[in-house]
Every structure is written in structure tokens, then in C-alpha cells.
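Engineer: If you scroll down you'll find the structure; I have some questions about it.
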Amino acid sequence: MNPLARRVSCPYCYHRIDGRRLWYQCTGRGSPGKAGCTPVPDPERERETGVFEPSRPAFAPPGRGPFSPAKASCATCGSETGIRVCPCCHTPLSTNFGGSASPLIAMVGAKGTGKTVYLHVLAHELLNGTRRRFDADVRASSGSAKIDVSSVMNDRALFAQTAQAIGGRRDPFVFEWRRPRRVTGYETTYLSFYDTAGEDLTNIGTTHDLAYLGAADALILLLDPFMIPHARDQISLPDTAVGTKESTVDVVNRVTETLRAAHGIRSSRNIKLPIAVAFAKIDAFFDLLGPDHPLVRQPAHPSAQYDDVAGQATHEHVRALLHSWEADDIDAHLRYNYANFRYFAVSSLGAAPDYDARAVHVNGVQPFRVDEPLVWLLSQFGVVRRGGA
Ligand SMILES: Nc1nc2c(ncn2[C@@H]2O[C@H](COP(=O)(O)OP(=O)(O)OP(=O)(O)O)[C@@H](O)[C@H]2O)c(=O)[nH]1
Ligand SMILES: [Mg+2]
Ligand SMILES: [Zn+2]
Ligand SMILES: [Zn+2]
């Protein structure tokens with residue numbers, strides 16, 4: 001049995017729920033002599049997800065057994081329903097939710113690292129190139145916050161600093177990834193991404209707001225090479241390009257401490273969550289590294305599986321780069337705290353923006369190896385296959 005099948009995290013509210021005892025939502029069809037229920041405001045859903053749309057009533061499964069039937073009747077109007085919802089936030093989930101891995105992927109990084117840009121460009125990739133490569137049916141989930149990729153992709157506009165989470169909650173972006181099952185039918189994997197404000201990390205007092213880290217199954221840790229002094233000194237950057245001069249190892253250490261606290265992992269043990277450590281803005285180093293550098297080349301003809309050999313090679317190249325930047329303290333910290341981490345070098349924009357005007361390069365957004373961290377994580381959860389080409 002899938003180890004994730006019982007306790008799973010809801011992709012919308014991040015609470016741990018029992019995937020075998022999802023609740024139901026009334027269809028509103030009614031039954032002979034009884035009018036169907038109509039949509040009403042749902043305070044639970046509002047509180048947990050910020051969705052204010054009225055919805056038909058949600059109700060718990062009958063009985064106390066560990067499994068709940070595929071269908072149940074609404075006690076109010078008698079209509080039979082097979083719509084399954086989260087017991088906590090009442091957002092509809094696929095009927096086989098819990099049957100397949102649905103990793104919650106938290107994205108963290110210091111202020112100005114490029115998280116918001118990355119998430120938007122990643123969403124665009126996911127719905128286009130990545131979807132085609134894996135022949136999956138990927139769509140933005142209707143129950144989730146709307147992600148608008150057009151401002152950065154079409155209007156060349158960068159984002160304002162992300163505001164701190166109010167009460168620790170911000171709406172995640174949820175995608176449904178549907179693909180054929182090995183034998184028959186389809187399975188849906190929910191991918192839930194949560195954009196944090198770098199500010200949340202800078203101020204240790206607010207890290208308890210990052211409760212969602214406790215629910216995360218995987219992490220994309222975005223690091224900013226502009227924050228590494230030796231790297232920054234090798235390229236010419238306007239002052240406006242450098243968000244913070246805080247030390248990267250301090251940032252990573254804070255993430256580690258938060259993860260340990262949130263997951264109850266003692267400091268004598270390694271953290272087992274897969275963690276993709278991605279260096280952003282690598283476009284700024286293209287000239288310095290030269291066109292033949294393995295981190296500057298696009299991988300040729302990606303197949304419909306994660307190429308573990310190429311991934312391992314990239315990992316080692318980034319590690320070498322870190323050493324050349326005298327930032328090997330980051331590598332040591334990761335090796336001594338994480339059992340399963342891998343490096344990536346990505347560029348959401350593919351070319352330097354106009355940092356002062358907050359505008360994308362005139363040639364537009366040219367995503368560079370943006371989905372590699374995600375594809376690796378998906379391979380860790382068995383959502384995509386792993387191979388060595
Ligand atoms: N050269 C280059 N710069 C980038 C790239 N992505 C982001 N940037 C720069 O980094 C700035 C900050 O990006 P955001 O995505 O808003 O950063 P953030 O991590 O969300 O920041 P907070 O919301 O404050 O935590 C952008 O305005 C760009 O100037 C990239 O791929 N290449
Ligand atoms: Mg942001
Ligand atoms: Zn009803
Ligand atoms: Zn929920």
C-alpha cells in the first residue's frame with residue numbers, strides 16, 4: 001500500500017488529513033419531495049483557504065470505520081453524492097486522492113532571491129513544456145488561488161516584494177497532474193506550491209508563521225548567487241540587483257532550524273525530506289562560465305523521465321562552483337543536515353532584467369532549466385520515472 005495513502009496533507013489547507021475518510025459535498029440535486037441544498041457561505045472554507053465563494057454543504061462520512069464509501073447521501077436533502085472534499089477546508093479533491101502521492105512543495109529563500117518570479121515561470125513551464133514532455137494532463141486546480149503568468153511572460157513586468165503572510169496563511173497555487181495508471185484508469189497528483197515572503201525568513205520571530213513547512217513533503221530552496229560575495233564580485237551588477245547582503249549559510253541554517261522544529265527532527269539526525277537546492281539568476285554568470293560550461297548548456301533532448309546521471313553531474317558542477325566561490329560552508333551545512341538534497345542552477349528569466357525599471361529583458365522571458373528541480377522532486381515521489389541516459 002502506498003505509504004502516503006493514510007495521512008496526507010491537503011493541498012489547499014495543508015492540514016494532515018486521513019485520505020481514506022474524506023468528507024462529501026452535496027450535489028444539490030435533492031430527492032423525491034425534497035429540494036436540493038443550495039450554495040451557502042462556508043466559514044470553514046473561508047478560514048482555511050480564503051475562498052469566499054458559497055458552496056454546497058459538506059458532511060462527514062457515515063459510521064466510524066477506517067474506510068468511507070465512494071458515495072453517501074446528504075442528510076439534509078437526500079441527494080446521493082460522490083464529490084469528495086477535505087474534512088478540514090471542504091475543498092473538493094479527486095476521488096482517489098490519497099491513492100497517489102500528492103507532495104506539498106514549499107518554496108523558501110531569502111528576500112529578493114527570485115521566488116515569485118521563479119514560481120510564475122515554473123507554473124508556465126509546467127502547463128507547457130513539462131506537461132508535453134511527460135505526456136501528462138496538467139492544469140491549474142479550480143480550488144486554488146489563480147496564478148497569473150501573463151504579467152511576467154507577456155508584459156515583462158517583475159513583481160513587488162511579496163507581503164508577509166497574514167496569520168501564517170497565504171493561498172497556495174495548486175496544480176493537478178493527471179496521467180494514466182500502470183494498469184487502468186488515471187491518477188491525479190496534486191502539486192501544491194506556496195510562495196513565501198523572504199521577509200518571513202529574515203525575522204526569526206515570524207518563522208512560527210511558517211507552519212506550512214511542517215506539512216511540506218519536499219522543499220525547493222532557492223538561493224541567490226548575488227548574495228555570495230565572491231560570486232557577486234566577479235560580475236558587474238547595479239546596486240539595485242542586490243536585495244540583501246545577508247550570508248547565505250545563515251539563511252540556509254534558519255530554514256534547517258525551522259524544518260527541524262516543524263517536523264520534530266532532532267539535531268543529531270539528518271532531515272530526510274528531499275530538498276532541491278536551486279541557484280537562481282544563473283544567467284548572470286553565463287558569460288563568465290562560457291558557452292561550453294555544463295551549467296550553461298541546455299540538456300539535449302530530454303526524455304519522459306528524470307535523467308539521474310545528468311542530474312548528478314549538474315549537482316557536482318554546482319558544488320564545484322560553490323567551492324570556487326569560497327561558499328563551501330553552504331555545501332558542508334547541507335551535507336551535515338540533509339540526507340537527500342540536490343543542486344540545480346536555474347534562471348527564470350534567462351537574461352538580465354532591467355533591475356531599476358523592474359522589467360524583463362526586451363527579448364522576453366527565456367526560462368533556463370527551470371523545471372529541473374521539480375522534475376527531480378517528482379521522481380522522488382514516483383510521479384515521474386527515473387533513468388540514467
Ligand atoms: N538576472 C536575473 N534576475 C532575476 C531573475 N529572477 C528574479 N530576478 C531579480 O530578482 C528580483 C526579485 O525577484 P522576486 O521573484 O520578486 O523575489 P522574491 O524572492 O519573491 O522576493 P520577496 O518576495 O521579497 O521574498 C527581480 O525583481 C529581478 O530583479 C533571473 O532569473 N535572472
Ligand atoms: Mg516574492
Ligand atoms: Zn444536500
Ligand atoms: Zn483542506
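Order determines the names: the first chain of the C-alpha cells is A, the second B, and so forth; residues in each chain are numbered 1 upward, and ligands are numbered 1 upward as they are shown.
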How would you report the residues lying within 8 Å of ligand 4, as an MDAnalysis selection string, if you count only C-alpha atoms and all ligand atoms?
Structural biologist: chainID A and resid 9:15 17 48:49 85:91
Engineer: Residues within 10 Å of ligand 3, counting only C-alpha atoms and all ligand atoms: report them as a compact mmCIF listing (two decimals) with C-alpha atoms, in the first residue's frame.
Structural biologist:
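Done, and the output landed in selection31.txt:
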```txt
# COMPACT_ATOMS: atom_id res chain seq x y z
CA GLN A 25 -20.16 17.61 -0.69
CA CYS A 26 -23.85 17.69 -1.54
CA THR A 27 -24.60 17.80 -5.28
CA GLY A 28 -27.74 19.87 -4.69
CA ARG A 29 -29.86 17.51 -6.78
CA GLY A 30 -32.31 16.79 -3.95
CA SER A 31 -34.52 13.70 -3.73
CA LYS A 34 -37.00 17.38 -1.01
CA ALA A 35 -35.43 20.38 -2.68
CA GLY A 36 -31.67 20.19 -3.11
CA CYS A 37 -29.28 22.16 -0.92
CA THR A 38 -28.12 25.48 -2.32
CA PRO A 39 -24.65 27.01 -2.06
CA ARG A 56 -22.97 23.37 -1.13
CA PRO A 57 -22.77 21.84 2.34
CA ALA A 58 -20.01 19.40 3.23
CA PHE A 59 -20.68 16.45 5.52
CA SER A 73 -26.48 10.66 0.96
CA CYS A 74 -26.88 14.22 2.16
CA ALA A 75 -28.79 14.20 5.45
CA THR A 76 -30.50 17.48 4.58
CA CYS A 77 -31.79 16.91 1.06
CA GLY A 78 -31.24 13.23 0.48
CA SER A 79 -29.25 13.55 -2.73
CA GLU A 80 -26.57 10.98 -3.28
CA THR A 81 -23.12 12.36 -3.87
```
Engineer: Grab the atom CA of A:Ile275 to atom CA of A:Tyr194 distance for me, in Å with one decimal place.
Structural biologist: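 Computing it gives 14.8 Å between the two atoms.
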Engineer: Please return as a list in words the residues found within 9 Å of ligand 2, counting only C-alpha atoms and all ligand atoms.
Structural biologist: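 Here is the list of contacting residues: Lys111, Gly112, Thr113, Gly114, Lys115, Thr116, Val117, Phe159, Ala160, Gln161, Thr162, Ala163, Asp195, Thr196, Ala197 and Gly198 of chain A.
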Engineer: Which of stretch 183-333 of chain A counts as alpha helix (DSSP H) under DSSP, as a ChimeraX atom specification please?
Structural biologist: /A:198-202,212-215,229-233,248-263,286-289,308-324,328-333
Engineer: Give me the residues near A:Ala351 as a list in words, where near means some atom within 10 Å (using only C-alpha atoms) and where sequence neighbours in that chain fewer than 5 positions away do not count.
Structural biologist: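 Near A:Ala351, the qualifying residues are Lys281, Ile282, Asp283, Ala284, Phe286, Val360, His361, Val362, Asn363, Gly364, Val365, Gln366, Pro367 and Phe368 of chain A.
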Engineer: With only C-alpha atoms as the atoms that count, which of A:Pro103, A:Gly33, A:Pro299, A:Gly185 lies nearest to A:Phe381?
Structural biologist: A:Pro103
Engineer: With only C-alpha atoms and all ligand atoms as the atoms that count, which of A:His293, A:Arg156, A:Arg182, A:Arg342 lies nearest to ligand 1?
Structural biologist: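 Of A:His293, A:Arg156, A:Arg182, A:Arg342, the one nearest ligand 1 is A:Arg156, counting only C-alpha atoms and all ligand atoms.
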